[in-house]
>>> print(open('model.cif').read())   # mmCIF, C-alpha atoms
data_input
#
loop_
_atom_site.group_PDB
_atom_site.id
_atom_site.type_symbol
_atom_site.label_atom_id
_atom_site.label_comp_id
_atom_site.auth_asym_id
_atom_site.auth_seq_id
_atom_site.Cartn_x
_atom_site.Cartn_y
_atom_site.Cartn_z
ATOM 1 C CA GLN A 1 0.246 -20.085 1.295
ATOM 2 C CA LYS A 2 0.553 -16.333 1.207
ATOM 3 C CA GLU A 3 -2.550 -14.439 0.143
ATOM 4 C CA VAL A 4 -0.658 -12.461 -2.500
ATOM 5 C CA GLU A 5 2.620 -13.762 -3.841
ATOM 6 C CA GLN A 6 5.279 -11.943 -5.798
ATOM 7 C CA ASN A 7 8.863 -12.779 -6.595
ATOM 8 C CA SER A 8 10.932 -10.228 -4.685
ATOM 9 C CA GLY A 9 13.526 -10.048 -7.473
ATOM 10 C CA PRO A 10 15.500 -8.149 -8.401
ATOM 11 C CA LEU A 11 14.328 -8.412 -11.974
ATOM 12 C CA SER A 12 16.909 -6.884 -14.282
ATOM 13 C CA VAL A 13 16.045 -5.858 -17.838
ATOM 14 C CA PRO A 14 17.964 -3.758 -20.367
ATOM 15 C CA GLU A 15 16.678 -0.345 -21.328
ATOM 16 C CA GLY A 16 14.068 -0.578 -24.061
ATOM 17 C CA ALA A 17 13.058 -4.146 -23.234
ATOM 18 C CA ILE A 18 9.735 -5.415 -21.899
ATOM 19 C CA ALA A 19 9.583 -6.010 -18.148
ATOM 20 C CA SER A 20 7.079 -8.632 -16.992
ATOM 21 C CA LEU A 21 5.988 -8.607 -13.365
ATOM 22 C CA ASN A 22 3.817 -11.381 -11.985
ATOM 23 C CA CYS A 23 1.502 -11.869 -9.036
ATOM 24 C CA THR A 24 -0.666 -14.742 -7.838
ATOM 25 C CA TYR A 25 -3.406 -14.613 -5.219
ATOM 26 C CA SER A 26 -5.240 -17.184 -3.150
ATOM 27 C CA ASP A 27 -8.730 -15.721 -2.598
ATOM 28 C CA ARG A 28 -10.968 -16.726 -5.521
ATOM 29 C CA GLY A 29 -13.511 -14.128 -4.435
ATOM 30 C CA SER A 30 -11.100 -11.263 -5.025
ATOM 31 C CA GLN A 31 -12.710 -8.423 -6.918
ATOM 32 C CA SER A 32 -10.161 -5.718 -7.659
ATOM 33 C CA PHE A 33 -6.489 -5.764 -8.519
ATOM 34 C CA PHE A 34 -3.953 -2.974 -8.368
ATOM 35 C CA TRP A 35 -0.363 -2.291 -9.296
ATOM 36 C CA TYR A 36 1.593 0.309 -7.348
ATOM 37 C CA ARG A 37 5.082 1.609 -7.977
ATOM 38 C CA GLN A 38 7.270 2.475 -4.991
ATOM 39 C CA TYR A 39 10.577 4.255 -5.287
ATOM 40 C CA SER A 40 13.085 3.700 -2.497
ATOM 41 C CA GLY A 41 12.115 5.686 0.598
ATOM 42 C CA LYS A 42 8.862 6.905 -0.949
ATOM 43 C CA SER A 43 5.224 5.884 -0.665
ATOM 44 C CA PRO A 44 3.399 3.688 -3.210
ATOM 45 C CA GLU A 45 1.771 5.391 -6.166
ATOM 46 C CA LEU A 46 -0.973 3.787 -8.215
ATOM 47 C CA ILE A 47 -0.072 2.706 -11.727
ATOM 48 C CA MET A 48 -3.104 0.706 -12.767
ATOM 49 C CA SER A 49 -6.217 -0.993 -11.519
ATOM 50 C CA ILE A 50 -7.989 -3.886 -13.239
ATOM 51 C CA TYR A 51 -11.304 -5.491 -12.385
ATOM 52 C CA SER A 52 -12.194 -7.925 -15.187
ATOM 53 C CA ASN A 53 -10.409 -10.666 -17.071
ATOM 54 C CA GLY A 54 -8.224 -9.633 -19.964
ATOM 55 C CA ASP A 55 -5.809 -6.834 -20.698
ATOM 56 C CA LYS A 56 -5.892 -3.166 -19.785
ATOM 57 C CA GLU A 57 -3.438 -0.800 -21.389
ATOM 58 C CA ASP A 58 -2.299 2.643 -20.240
ATOM 59 C CA GLY A 59 0.614 4.089 -22.143
ATOM 60 C CA ARG A 60 3.633 1.797 -21.735
ATOM 61 C CA PHE A 61 1.865 -0.260 -19.062
ATOM 62 C CA THR A 62 -0.431 -3.250 -19.595
ATOM 63 C CA ALA A 63 -2.145 -5.094 -16.777
ATOM 64 C CA GLN A 64 -3.362 -8.621 -17.421
ATOM 65 C CA LEU A 65 -5.861 -10.497 -15.258
ATOM 66 C CA ASN A 66 -6.781 -14.171 -15.335
ATOM 67 C CA LYS A 67 -9.210 -14.937 -12.521
ATOM 68 C CA ALA A 68 -9.422 -18.643 -13.376
ATOM 69 C CA SER A 69 -5.687 -18.996 -12.836
ATOM 70 C CA GLN A 70 -5.688 -16.396 -10.005
ATOM 71 C CA TYR A 71 -2.960 -14.515 -11.744
ATOM 72 C CA VAL A 72 -2.338 -10.858 -12.490
ATOM 73 C CA SER A 73 0.610 -9.377 -14.302
ATOM 74 C CA LEU A 74 2.061 -6.031 -15.309
ATOM 75 C CA LEU A 75 3.979 -5.505 -18.528
ATOM 76 C CA ILE A 76 6.151 -2.442 -18.978
ATOM 77 C CA ARG A 77 7.119 -1.802 -22.595
ATOM 78 C CA ASP A 78 10.174 0.205 -23.618
ATOM 79 C CA SER A 79 11.527 0.059 -20.061
ATOM 80 C CA GLN A 80 13.381 3.161 -18.900
ATOM 81 C CA PRO A 81 15.903 3.598 -16.075
ATOM 82 C CA SER A 82 13.262 5.757 -14.357
ATOM 83 C CA ASP A 83 11.075 2.632 -14.133
ATOM 84 C CA SER A 84 13.563 1.152 -11.662
ATOM 85 C CA ALA A 85 11.504 0.737 -8.494
ATOM 86 C CA THR A 86 9.625 -1.850 -6.472
ATOM 87 C CA TYR A 87 6.242 -2.833 -7.908
ATOM 88 C CA LEU A 88 3.548 -3.852 -5.448
ATOM 89 C CA CYS A 89 0.626 -6.045 -6.392
ATOM 90 C CA ALA A 90 -2.515 -5.441 -4.322
ATOM 91 C CA VAL A 91 -5.645 -7.553 -4.298
ATOM 92 C CA ARG A 92 -8.974 -6.598 -2.824
ATOM 93 C CA GLY A 93 -11.002 -9.340 -1.222
ATOM 94 C CA TYR A 94 -13.853 -8.948 1.249
ATOM 95 C CA GLN A 95 -13.436 -5.518 2.888
ATOM 96 C CA LYS A 96 -9.676 -5.727 2.772
ATOM 97 C CA VAL A 97 -6.793 -5.053 0.410
ATOM 98 C CA THR A 98 -3.776 -7.356 0.701
ATOM 99 C CA PHE A 99 -0.389 -6.328 -0.656
ATOM 100 C CA GLY A 100 2.397 -8.519 -1.952
ATOM 101 C CA ILE A 101 5.984 -7.951 -0.847
ATOM 102 C CA GLY A 102 6.784 -6.300 -4.161
ATOM 103 C CA THR A 103 9.135 -7.071 -7.018
ATOM 104 C CA LYS A 104 12.223 -4.909 -7.382
ATOM 105 C CA LEU A 105 12.820 -3.936 -11.009
ATOM 106 C CA GLN A 106 16.179 -2.735 -12.245
ATOM 107 C CA VAL A 107 16.376 -1.262 -15.745
ATOM 108 C CA ILE A 108 19.948 -1.313 -16.965
ATOM 109 C CA PRO A 109 20.968 1.588 -19.280
ATOM 110 C CA ASP B 1 -4.206 20.720 -4.325
ATOM 111 C CA GLY B 2 -6.015 17.636 -3.071
ATOM 112 C CA GLY B 3 -4.044 14.978 -1.331
ATOM 113 C CA ILE B 4 -2.943 13.224 1.803
ATOM 114 C CA THR B 5 -0.394 14.690 4.166
ATOM 115 C CA GLN B 6 1.514 12.932 6.899
ATOM 116 C CA SER B 7 3.691 14.441 9.557
ATOM 117 C CA PRO B 8 6.349 14.304 10.658
ATOM 118 C CA LYS B 9 8.410 12.780 7.852
ATOM 119 C CA TYR B 10 10.908 11.355 10.344
ATOM 120 C CA LEU B 11 10.262 10.602 13.993
ATOM 121 C CA PHE B 12 12.561 9.339 16.692
ATOM 122 C CA ARG B 13 11.202 7.794 19.838
ATOM 123 C CA LYS B 14 12.791 6.654 23.043
ATOM 124 C CA GLU B 15 11.708 3.313 24.406
ATOM 125 C CA GLY B 16 8.685 3.636 26.653
ATOM 126 C CA GLN B 17 7.310 6.739 24.933
ATOM 127 C CA ASN B 18 4.033 7.063 23.107
ATOM 128 C CA VAL B 19 4.123 8.973 19.828
ATOM 129 C CA THR B 20 1.365 10.177 17.515
ATOM 130 C CA LEU B 21 1.602 10.222 13.742
ATOM 131 C CA SER B 22 -0.591 12.665 11.886
ATOM 132 C CA CYS B 23 -2.603 11.933 8.738
ATOM 133 C CA GLU B 24 -4.825 14.492 7.030
ATOM 134 C CA GLN B 25 -6.680 14.292 3.702
ATOM 135 C CA ASN B 26 -8.656 16.847 1.727
ATOM 136 C CA LEU B 27 -9.963 14.420 -0.875
ATOM 137 C CA ASN B 28 -13.344 14.085 0.845
ATOM 138 C CA HIS B 29 -12.713 10.365 1.158
ATOM 139 C CA ASP B 30 -14.789 8.418 3.657
ATOM 140 C CA ALA B 31 -12.317 5.616 4.335
ATOM 141 C CA MET B 32 -8.833 5.939 5.823
ATOM 142 C CA TYR B 33 -6.183 3.356 6.611
ATOM 143 C CA TRP B 34 -2.894 2.920 8.432
ATOM 144 C CA TYR B 35 -0.256 0.484 7.189
ATOM 145 C CA ARG B 36 3.142 -0.492 8.398
ATOM 146 C CA GLN B 37 5.944 -1.457 6.000
ATOM 147 C CA ASP B 38 9.035 -3.402 7.029
ATOM 148 C CA PRO B 39 11.882 -4.486 4.739
ATOM 149 C CA GLY B 40 11.061 -7.710 2.895
ATOM 150 C CA GLN B 41 7.407 -7.623 3.945
ATOM 151 C CA GLY B 42 4.305 -6.343 2.278
ATOM 152 C CA LEU B 43 2.227 -3.549 3.693
ATOM 153 C CA ARG B 44 0.396 -4.713 6.794
ATOM 154 C CA LEU B 45 -2.877 -3.153 7.868
ATOM 155 C CA ILE B 46 -2.941 -1.677 11.373
ATOM 156 C CA TYR B 47 -6.329 0.052 11.578
ATOM 157 C CA TYR B 48 -8.952 1.357 9.191
ATOM 158 C CA SER B 49 -11.957 3.626 9.438
ATOM 159 C CA GLN B 50 -14.956 3.755 7.142
ATOM 160 C CA ILE B 51 -16.767 6.683 8.745
ATOM 161 C CA VAL B 52 -16.236 9.296 11.431
ATOM 162 C CA ASN B 53 -16.218 7.986 14.997
ATOM 163 C CA ASP B 54 -15.827 4.394 13.846
ATOM 164 C CA PHE B 55 -12.737 2.283 13.199
ATOM 165 C CA GLN B 56 -11.730 -1.371 13.036
ATOM 166 C CA LYS B 57 -8.598 -3.302 13.869
ATOM 167 C CA GLY B 58 -6.491 -4.600 11.055
ATOM 168 C CA ASP B 59 -4.050 -7.485 11.113
ATOM 169 C CA ILE B 60 -1.502 -5.981 13.519
ATOM 170 C CA ALA B 61 -3.400 -3.572 15.795
ATOM 171 C CA GLU B 62 -1.702 -4.549 19.051
ATOM 172 C CA GLY B 63 0.291 -1.654 20.504
ATOM 173 C CA TYR B 64 -1.449 0.953 18.341
ATOM 174 C CA SER B 65 -4.471 3.184 18.780
ATOM 175 C CA VAL B 66 -6.390 5.533 16.486
ATOM 176 C CA SER B 67 -9.195 8.054 16.510
ATOM 177 C CA ARG B 68 -11.481 9.433 13.810
ATOM 178 C CA GLU B 69 -13.119 12.563 15.179
ATOM 179 C CA LYS B 70 -13.107 14.340 11.821
ATOM 180 C CA LYS B 71 -13.514 13.035 8.298
ATOM 181 C CA GLU B 72 -10.233 14.628 7.271
ATOM 182 C CA SER B 73 -8.054 13.307 10.090
ATOM 183 C CA PHE B 74 -6.977 9.838 11.228
ATOM 184 C CA PRO B 75 -4.061 10.046 13.705
ATOM 185 C CA LEU B 76 -2.176 6.938 14.788
ATOM 186 C CA THR B 77 -0.632 6.576 18.238
ATOM 187 C CA VAL B 78 2.209 4.120 18.648
ATOM 188 C CA THR B 79 2.184 3.135 22.294
ATOM 189 C CA SER B 80 4.928 1.753 24.491
ATOM 190 C CA ALA B 81 3.171 -1.617 24.238
ATOM 191 C CA GLN B 82 4.332 -1.925 20.618
ATOM 192 C CA LYS B 83 7.527 -3.928 21.019
ATOM 193 C CA ASN B 84 9.084 -3.336 17.626
ATOM 194 C CA PRO B 85 7.791 0.002 16.335
ATOM 195 C CA THR B 86 10.677 0.934 14.028
ATOM 196 C CA ALA B 87 9.115 0.953 10.550
ATOM 197 C CA PHE B 88 7.770 3.054 7.696
ATOM 198 C CA TYR B 89 4.160 4.064 8.416
ATOM 199 C CA LEU B 90 1.799 4.807 5.560
ATOM 200 C CA CYS B 91 -1.609 6.418 5.699
ATOM 201 C CA ALA B 92 -4.052 5.881 2.842
ATOM 202 C CA SER B 93 -7.572 6.886 1.943
ATOM 203 C CA SER B 94 -10.268 5.806 -0.478
ATOM 204 C CA ILE B 95 -13.722 7.040 -1.398
ATOM 205 C CA GLU B 96 -15.165 4.073 0.453
ATOM 206 C CA THR B 97 -14.081 0.603 1.503
ATOM 207 C CA GLY B 98 -15.636 -0.946 -1.548
ATOM 208 C CA LEU B 99 -13.908 -1.383 -4.858
ATOM 209 C CA ASP B 100 -12.224 1.977 -4.770
ATOM 210 C CA THR B 101 -8.539 2.570 -5.030
ATOM 211 C CA GLN B 102 -6.444 3.525 -2.038
ATOM 212 C CA TYR B 103 -4.182 6.546 -2.329
ATOM 213 C CA PHE B 104 -1.188 6.933 -0.067
ATOM 214 C CA GLY B 105 0.371 9.783 1.851
ATOM 215 C CA PRO B 106 4.155 10.334 1.800
ATOM 216 C CA GLY B 107 4.757 8.246 4.931
ATOM 217 C CA THR B 108 6.426 8.675 8.312
ATOM 218 C CA ARG B 109 9.619 6.828 9.173
ATOM 219 C CA LEU B 110 9.669 6.003 12.882
ATOM 220 C CA THR B 111 12.881 4.965 14.595
ATOM 221 C CA VAL B 112 13.139 3.817 18.192
ATOM 222 C CA LEU B 113 16.366 4.867 19.842
#
>>> encode(input="model.cif", output="structure tokens")
Amino acid sequence: QKEVEQNSGPLSVPEGAIASLNCTYSDRGSQSFFWYRQYSGKSPELIMSIYSNGDKEDGRFTAQLNKASQYVSLLIRDSQPSDSATYLCAVRGYQKVTFGIGTKLQVIP
Amino acid sequence: DGGITQSPKYLFRKEGQNVTLSCEQNLNHDAMYWYRQDPGQGLRLIYYSQIVNDFQKGDIAEGYSVSREKKESFPLTVTSAQKNPTAFYLCASSIETGLDTQYFGPGTRLTVL
């Protein structure tokens, strides 16, 4: 079992729709959870971090964490073509951050 | 402007050569990291450093070496012992290796000719 699992996609959504990106992790002791966006050929940039169960909203982005189910998700409302990128889930365990392979999102105009 | 810089952006290496990738940060972060990214794989940790003059191996340290002589700088050397070095190399830093977020530099794309 991979430590952090993501569906590689691509996930295609029409412009204006809600994109839902999912991530599961194996280490129950994980403490911090991050979503990064990575455009092709560029480095990852932080979108959101979440540390406790529940929802955290920042503009069009909402991160959701469920530690009991070992599940973290990212919702993107009113998706725009500029949101087309690969989204990396990162999970911090003991002294180490593990990254998923990323989900490629395509927003269709 | 505060941030992380990496150089060069593109690097070409002949087989058998050692090359050094530069990473500098002016964020006053204590911790620095080197990752490697290959298509279809997540970021894999090569080395990390929590303080000056100290560093630890990550998951794929073989064929790589680092130094941390200054807080701001964490260069990575890709040695000839690294059998498949062609990849996208990312340097990151964080305030400490605790709960804090890692921020990434722009990356160096290394190609072996």
>>> interface_residues(input="model.cif", of="chain B", to="chain A", cutoff="10 Å", atoms="all atoms listed in the file", output="PyMOL selection string")
chain B and resi 37-45+48+58+88-92+97-109
>>> residues_around(input="model.cif", residues="Leu74 (chain A)", least_positions_apart="6", cutoff="6 Å", atoms="all atoms listed in the file", output="PyMOL selection string")
chain A and resi 20-21+62-63
>>> closest_residue(input="model.cif", among="B:Thr77, B:Glu96, B:Leu110, B:Gln25", to="Pro8 (chain B)", atoms="only C-alpha atoms")
B:Leu110
>>> resolve_selection(input="model.cif", expression="the PyMOL selection byres ((chain B and resi 59-74) around 9)", output="ChimeraX atom specification")
/B:21-34,36,44-49,51-55,57-58,75-83,85,91
>>> write_last_selection(input="model.cif", atoms="C-alpha atoms", output="short mmCIF file (atom, residue, chain, number, x, y, z; two decimals), in the frame of the given file")
data_model
loop_
_atom_site.label_atom_id
_atom_site.label_comp_id
_atom_site.auth_asym_id
_atom_site.auth_seq_id
_atom_site.Cartn_x
_atom_site.Cartn_y
_atom_site.Cartn_z
CA LEU B 21 1.60 10.22 13.74
CA SER B 22 -0.59 12.66 11.89
CA CYS B 23 -2.60 11.93 8.74
CA GLU B 24 -4.82 14.49 7.03
CA GLN B 25 -6.68 14.29 3.70
CA ASN B 26 -8.66 16.85 1.73
CA LEU B 27 -9.96 14.42 -0.88
CA ASN B 28 -13.34 14.08 0.84
CA HIS B 29 -12.71 10.36 1.16
CA ASP B 30 -14.79 8.42 3.66
CA ALA B 31 -12.32 5.62 4.34
CA MET B 32 -8.83 5.94 5.82
CA TYR B 33 -6.18 3.36 6.61
CA TRP B 34 -2.89 2.92 8.43
CA ARG B 36 3.14 -0.49 8.40
CA ARG B 44 0.40 -4.71 6.79
CA LEU B 45 -2.88 -3.15 7.87
CA ILE B 46 -2.94 -1.68 11.37
CA TYR B 47 -6.33 0.05 11.58
CA TYR B 48 -8.95 1.36 9.19
CA SER B 49 -11.96 3.63 9.44
CA ILE B 51 -16.77 6.68 8.74
CA VAL B 52 -16.24 9.30 11.43
CA ASN B 53 -16.22 7.99 15.00
CA ASP B 54 -15.83 4.39 13.85
CA PHE B 55 -12.74 2.28 13.20
CA LYS B 57 -8.60 -3.30 13.87
CA GLY B 58 -6.49 -4.60 11.06
CA PRO B 75 -4.06 10.05 13.70
CA LEU B 76 -2.18 6.94 14.79
CA THR B 77 -0.63 6.58 18.24
CA VAL B 78 2.21 4.12 18.65
CA THR B 79 2.18 3.14 22.29
CA SER B 80 4.93 1.75 24.49
CA ALA B 81 3.17 -1.62 24.24
CA GLN B 82 4.33 -1.92 20.62
CA LYS B 83 7.53 -3.93 21.02
CA PRO B 85 7.79 0.00 16.34
CA CYS B 91 -1.61 6.42 5.70
#
>>> residues_around(input="model.cif", residues="Leu65 (chain A)", least_positions_apart="2", cutoff="6 Å", atoms="only C-alpha atoms", output="short mmCIF file (atom, residue, chain, number, x, y, z; two decimals) with C-alpha atoms, keeping the file's coordinate frame")
data_model
loop_
_atom_site.label_atom_id
_atom_site.label_comp_id
_atom_site.auth_asym_id
_atom_site.auth_seq_id
_atom_site.Cartn_x
_atom_site.Cartn_y
_atom_site.Cartn_z
CA ASN A 53 -10.41 -10.67 -17.07
CA GLY A 54 -8.22 -9.63 -19.96
CA VAL A 72 -2.34 -10.86 -12.49
#
>>> atom_distance(input="model.cif", atom1="CA of Glu57 (chain A)", atom2="CA of Gly9 (chain A)")
23.8 Å
>>> axis_aligned_box(input="model.cif", around="region 24-29 of chain B", padding_each_side="6 Å", output="AutoDock Vina command-line options")
--center_x -9.1 --center_y 13.6 --center_z 3.1 --size_x 20.5 --size_y 18.5 --size_z 19.9
>>> atom_distance(input="model.cif", atom1="CA of Gly59 (chain A)", atom2="CA of Ile76 (chain A)")
9.1 Å
>>> atom_distance(input="model.cif", atom1="CA of Asn18 (chain B)", atom2="CA of Thr5 (chain B)")
20.9 Å
>>> residues_around(input="model.cif", residues="Ser84 (chain A)", least_positions_apart="5", cutoff="9 Å", atoms="all atoms listed in the file", output="JSON, numbers by chain")
{"A": [39, 79, 104, 105, 106, 107, 108]}
>>> closest_residue(input="model.cif", among="A:Phe61, A:Trp35, A:Tyr87, A:Tyr25", to="Thr103 (chain A)", atoms="all atoms listed in the file")
A:Tyr87
